[in-house]
Amino acid sequence: MSTKRRLIPLSSVKQESIDWLWRDRIPLGAITLLDGDPGQSKSTLTYDLAARVTTGTPMPFSTQATAPAGVVVIQAEDSLGGKVKLTLAAAEADMKRVRVYDRKLFQEEPLVLPDDLPLIEEAAAEVKAKLVVIDPLAAFLSGNPNTDQSVRKALGPLAAFAEQAKLAVLITRHLTKHGSANPLYRGCGSIAIIGLARTALWVTSDSDSNDSYRHLLVQTKTNLSTAVSLSYRTVKTGEAVLIEWLGKSSYTARNITATSSEDHSKVQEAKDVLRSILVSLAR
């Protein structure tokens, strides 16, 4: 029997401190989810964070600068030249520290996880990355995203890579079409996805504002540290759209989902009343 395959005493394990890419929100060595509906500027937010990593600029509402590091962007929905590079350039990113997925080079065999994880590992090593962005997860996941087994097979190795390389993996997801009062169930796919993530964030419209470009970033899950919600808006700068961080918000994920569920219930009630009226008229 192999001596390596055995259980060990916890006392023999070296205790490690938590390192952060963005304090209390995005840890190094783990997966973080960024959930939200289309139109909430999830991708633009990832570009804002990526640009900061490449230049060592402090994260929003932080004063702690870091050494510049690399970023790997695996992006399926935005054009590389028309959106990704344009936005990163406007955010003053160091382009030499960024590696990207070019769909044109993968037309015959698109990149999928976990099969193509070695390609991501290689790119991350080239630029000494501290951040890997997968946007959105559904575009790159091999197998059925709604089954626990497929998700763990795909994301387990990715989580292990993040831990080994001491980098942050930021994964975006769209929300399900049906609302839920529990924010943990709002993202598309198996519950195993958020189960594998150490932290999860959610972007949504700011219902207290008449500004349609204003949004909230709230925390929906954490195993590590609680973070206050933040508000931000998108602003046009030349041809690019950038993130303008505004300040703290008192909203929480449960506040927002409770309001959403209440609105959904009122709409459903109105539909039921209208249906009853139409049925009675038909008689």
# chains A, B, ... in the order shown; residues from 1 in each chain; ligands from 1
>>> select_by_dssp(residues="range 25-232 of chain A", states="strand (DSSP E or B)", output="PyMOL selection string")
chain A and resi 26-27+30-35+70-75+98-100+113+129-135+141+168-173+175+187+199-205+214-222+229-232
>>> residues_around(residues="Lys96 in chain A", least_positions_apart="6", cutoff="12 Å", atoms="only C-alpha atoms", output="MDAnalysis selection string")
chainID A and resid 51 54:55 68:72 85 88:89 126:129
>>> write_last_selection(atoms="N, CA, C and O atoms", output="PDB file, in the first residue's frame")
ATOM      1  N   ALA A  51      -7.201  45.652 -15.147  1.00  0.00           N
ATOM      2  CA  ALA A  51      -6.291  46.771 -15.394  1.00  0.00           C
ATOM      3  C   ALA A  51      -5.537  47.144 -14.124  1.00  0.00           C
ATOM      4  O   ALA A  51      -4.334  47.433 -14.162  1.00  0.00           O
ATOM      5  N   THR A  54      -2.654  44.685 -13.458  1.00  0.00           N
ATOM      6  CA  THR A  54      -1.473  44.807 -14.326  1.00  0.00           C
ATOM      7  C   THR A  54      -0.579  45.990 -13.970  1.00  0.00           C
ATOM      8  O   THR A  54       0.602  46.006 -14.320  1.00  0.00           O
ATOM      9  N   THR A  55      -1.140  46.972 -13.280  1.00  0.00           N
ATOM     10  CA  THR A  55      -0.350  48.157 -12.925  1.00  0.00           C
ATOM     11  C   THR A  55      -0.073  48.259 -11.425  1.00  0.00           C
ATOM     12  O   THR A  55       0.646  49.163 -10.989  1.00  0.00           O
ATOM     13  N   PRO A  68       2.828  45.050  -9.774  1.00  0.00           N
ATOM     14  CA  PRO A  68       2.105  44.698 -11.005  1.00  0.00           C
ATOM     15  C   PRO A  68       2.212  43.204 -11.295  1.00  0.00           C
ATOM     16  O   PRO A  68       3.241  42.581 -11.042  1.00  0.00           O
ATOM     17  N   ALA A  69       1.135  42.640 -11.799  1.00  0.00           N
ATOM     18  CA  ALA A  69       1.102  41.205 -12.090  1.00  0.00           C
ATOM     19  C   ALA A  69       0.317  40.963 -13.367  1.00  0.00           C
ATOM     20  O   ALA A  69      -0.322  41.871 -13.920  1.00  0.00           O
ATOM     21  N   GLY A  70       0.344  39.718 -13.835  1.00  0.00           N
ATOM     22  CA  GLY A  70      -0.328  39.376 -15.075  1.00  0.00           C
ATOM     23  C   GLY A  70      -1.784  38.994 -14.888  1.00  0.00           C
ATOM     24  O   GLY A  70      -2.241  38.703 -13.781  1.00  0.00           O
ATOM     25  N   VAL A  71      -2.502  38.985 -16.007  1.00  0.00           N
ATOM     26  CA  VAL A  71      -3.917  38.624 -16.033  1.00  0.00           C
ATOM     27  C   VAL A  71      -4.173  37.750 -17.255  1.00  0.00           C
ATOM     28  O   VAL A  71      -3.623  38.005 -18.333  1.00  0.00           O
ATOM     29  N   VAL A  72      -5.002  36.722 -17.095  1.00  0.00           N
ATOM     30  CA  VAL A  72      -5.458  35.899 -18.209  1.00  0.00           C
ATOM     31  C   VAL A  72      -6.961  36.100 -18.348  1.00  0.00           C
ATOM     32  O   VAL A  72      -7.701  35.909 -17.382  1.00  0.00           O
ATOM     33  N   LYS A  85      -9.744  45.051 -25.680  1.00  0.00           N
ATOM     34  CA  LYS A  85      -8.541  45.886 -25.736  1.00  0.00           C
ATOM     35  C   LYS A  85      -8.878  47.356 -25.579  1.00  0.00           C
ATOM     36  O   LYS A  85      -8.151  48.109 -24.914  1.00  0.00           O
ATOM     37  N   LEU A  88      -9.534  47.959 -21.797  1.00  0.00           N
ATOM     38  CA  LEU A  88      -8.316  47.849 -20.998  1.00  0.00           C
ATOM     39  C   LEU A  88      -7.356  48.996 -21.296  1.00  0.00           C
ATOM     40  O   LEU A  88      -6.681  49.503 -20.392  1.00  0.00           O
ATOM     41  N   ALA A  89      -7.294  49.425 -22.551  1.00  0.00           N
ATOM     42  CA  ALA A  89      -6.431  50.553 -22.905  1.00  0.00           C
ATOM     43  C   ALA A  89      -6.920  51.836 -22.230  1.00  0.00           C
ATOM     44  O   ALA A  89      -6.121  52.618 -21.694  1.00  0.00           O
ATOM     45  N   GLU A 126       3.360  32.516 -18.017  1.00  0.00           N
ATOM     46  CA  GLU A 126       4.090  33.450 -18.875  1.00  0.00           C
ATOM     47  C   GLU A 126       4.073  34.872 -18.325  1.00  0.00           C
ATOM     48  O   GLU A 126       5.065  35.599 -18.430  1.00  0.00           O
ATOM     49  N   VAL A 127       2.943  35.280 -17.771  1.00  0.00           N
ATOM     50  CA  VAL A 127       2.807  36.667 -17.302  1.00  0.00           C
ATOM     51  C   VAL A 127       2.809  36.766 -15.779  1.00  0.00           C
ATOM     52  O   VAL A 127       2.546  37.833 -15.220  1.00  0.00           O
ATOM     53  N   LYS A 128       3.085  35.642 -15.101  1.00  0.00           N
ATOM     54  CA  LYS A 128       3.064  35.621 -13.640  1.00  0.00           C
ATOM     55  C   LYS A 128       1.737  36.190 -13.128  1.00  0.00           C
ATOM     56  O   LYS A 128       1.686  37.146 -12.355  1.00  0.00           O
ATOM     57  N   ALA A 129       0.677  35.556 -13.575  1.00  0.00           N
ATOM     58  CA  ALA A 129      -0.671  36.064 -13.326  1.00  0.00           C
ATOM     59  C   ALA A 129      -1.090  35.970 -11.868  1.00  0.00           C
ATOM     60  O   ALA A 129      -0.736  35.028 -11.156  1.00  0.00           O
TER      61      ALA A 129
END
>>> residues_around(residues="range 108-111 of chain A", least_positions_apart="4", cutoff="10 Å", atoms="only C-alpha atoms", output="list of chain:residue names")
A:Ile74, A:Ala76, A:Tyr101, A:Asp102, A:Arg103, A:Lys104, A:Asp115, A:Asp116, A:Leu117, A:Leu119, A:Ile120, A:Ala139, A:Phe140, A:Leu141, A:Ser142
>>> atom_distance(atom1="CA of Arg233 in chain A", atom2="CA of Val73 in chain A")
22.3 Å
>>> closest_atom_pairs(of="range 177-241 of chain A", to="range 59-67 of chain A", cutoff="12 Å", atoms="only C-alpha atoms", output="JSON lines")
{"residue": "A:Leu217", "atom": "CA", "partner": "A:Pro60", "partner_atom": "CA", "distance": 11.6}
{"residue": "A:Ala227", "atom": "CA", "partner": "A:Phe61", "partner_atom": "CA", "distance": 11.7}
{"residue": "A:Val228", "atom": "CA", "partner": "A:Phe61", "partner_atom": "CA", "distance": 11.0}
{"residue": "A:Ser229", "atom": "CA", "partner": "A:Phe61", "partner_atom": "CA", "distance": 11.5}
{"residue": "A:Leu230", "atom": "CA", "partner": "A:Pro60", "partner_atom": "CA", "distance": 9.3}
{"residue": "A:Ser231", "atom": "CA", "partner": "A:Pro60", "partner_atom": "CA", "distance": 10.7}
{"residue": "A:Tyr232", "atom": "CA", "partner": "A:Pro60", "partner_atom": "CA", "distance": 10.1}
>>> residues_around(residues="Ser212 in chain A", least_positions_apart="6", cutoff="12 Å", atoms="only C-alpha atoms", output="compact mmCIF listing (two decimals) with N, CA, C and O atoms, in the first residue's frame")
# COMPACT_ATOMS: atom_id res chain seq x y z
N GLY A 39 -26.36 43.18 -19.09
CA GLY A 39 -26.59 44.62 -18.98
C GLY A 39 -26.17 45.23 -17.67
O GLY A 39 -26.34 46.44 -17.45
N GLN A 40 -25.61 44.43 -16.76
CA GLN A 40 -25.16 44.94 -15.47
C GLN A 40 -23.66 45.24 -15.45
O GLN A 40 -23.08 45.51 -14.41
N SER A 41 -23.01 45.15 -16.61
CA SER A 41 -21.60 45.51 -16.77
C SER A 41 -20.65 44.57 -16.01
O SER A 41 -19.62 45.02 -15.49
N THR A 204 -26.22 44.07 -9.72
CA THR A 204 -27.63 44.30 -9.99
C THR A 204 -27.89 45.79 -10.08
O THR A 204 -27.05 46.61 -9.67
N SER A 205 -29.02 46.16 -10.62
CA SER A 205 -29.38 47.58 -10.73
C SER A 205 -29.63 48.17 -9.36
O SER A 205 -30.10 47.49 -8.44
N ASP A 206 -29.33 49.46 -9.23
CA ASP A 206 -29.59 50.18 -7.98
C ASP A 206 -31.01 50.70 -8.04
O ASP A 206 -31.30 51.69 -8.72
N TYR A 232 -21.69 51.49 -8.12
CA TYR A 232 -20.85 51.95 -9.21
C TYR A 232 -21.73 52.31 -10.40
O TYR A 232 -22.91 51.96 -10.45
N ARG A 233 -21.16 53.03 -11.35
CA ARG A 233 -21.89 53.32 -12.58
C ARG A 233 -20.94 53.21 -13.76
O ARG A 233 -19.71 53.29 -13.59
N THR A 234 -21.48 52.99 -14.93
CA THR A 234 -20.66 52.97 -16.13
C THR A 234 -20.66 54.36 -16.77
O THR A 234 -21.69 55.03 -16.79
N VAL A 235 -19.50 54.77 -17.26
CA VAL A 235 -19.36 56.09 -17.87
C VAL A 235 -18.65 55.94 -19.22
O VAL A 235 -17.75 55.12 -19.37
>>> closest_residue(among="A:Ala138, A:Arg23, A:Asp48, A:Arg99", to="Glu244 in chain A", atoms="only C-alpha atoms")
A:Asp48
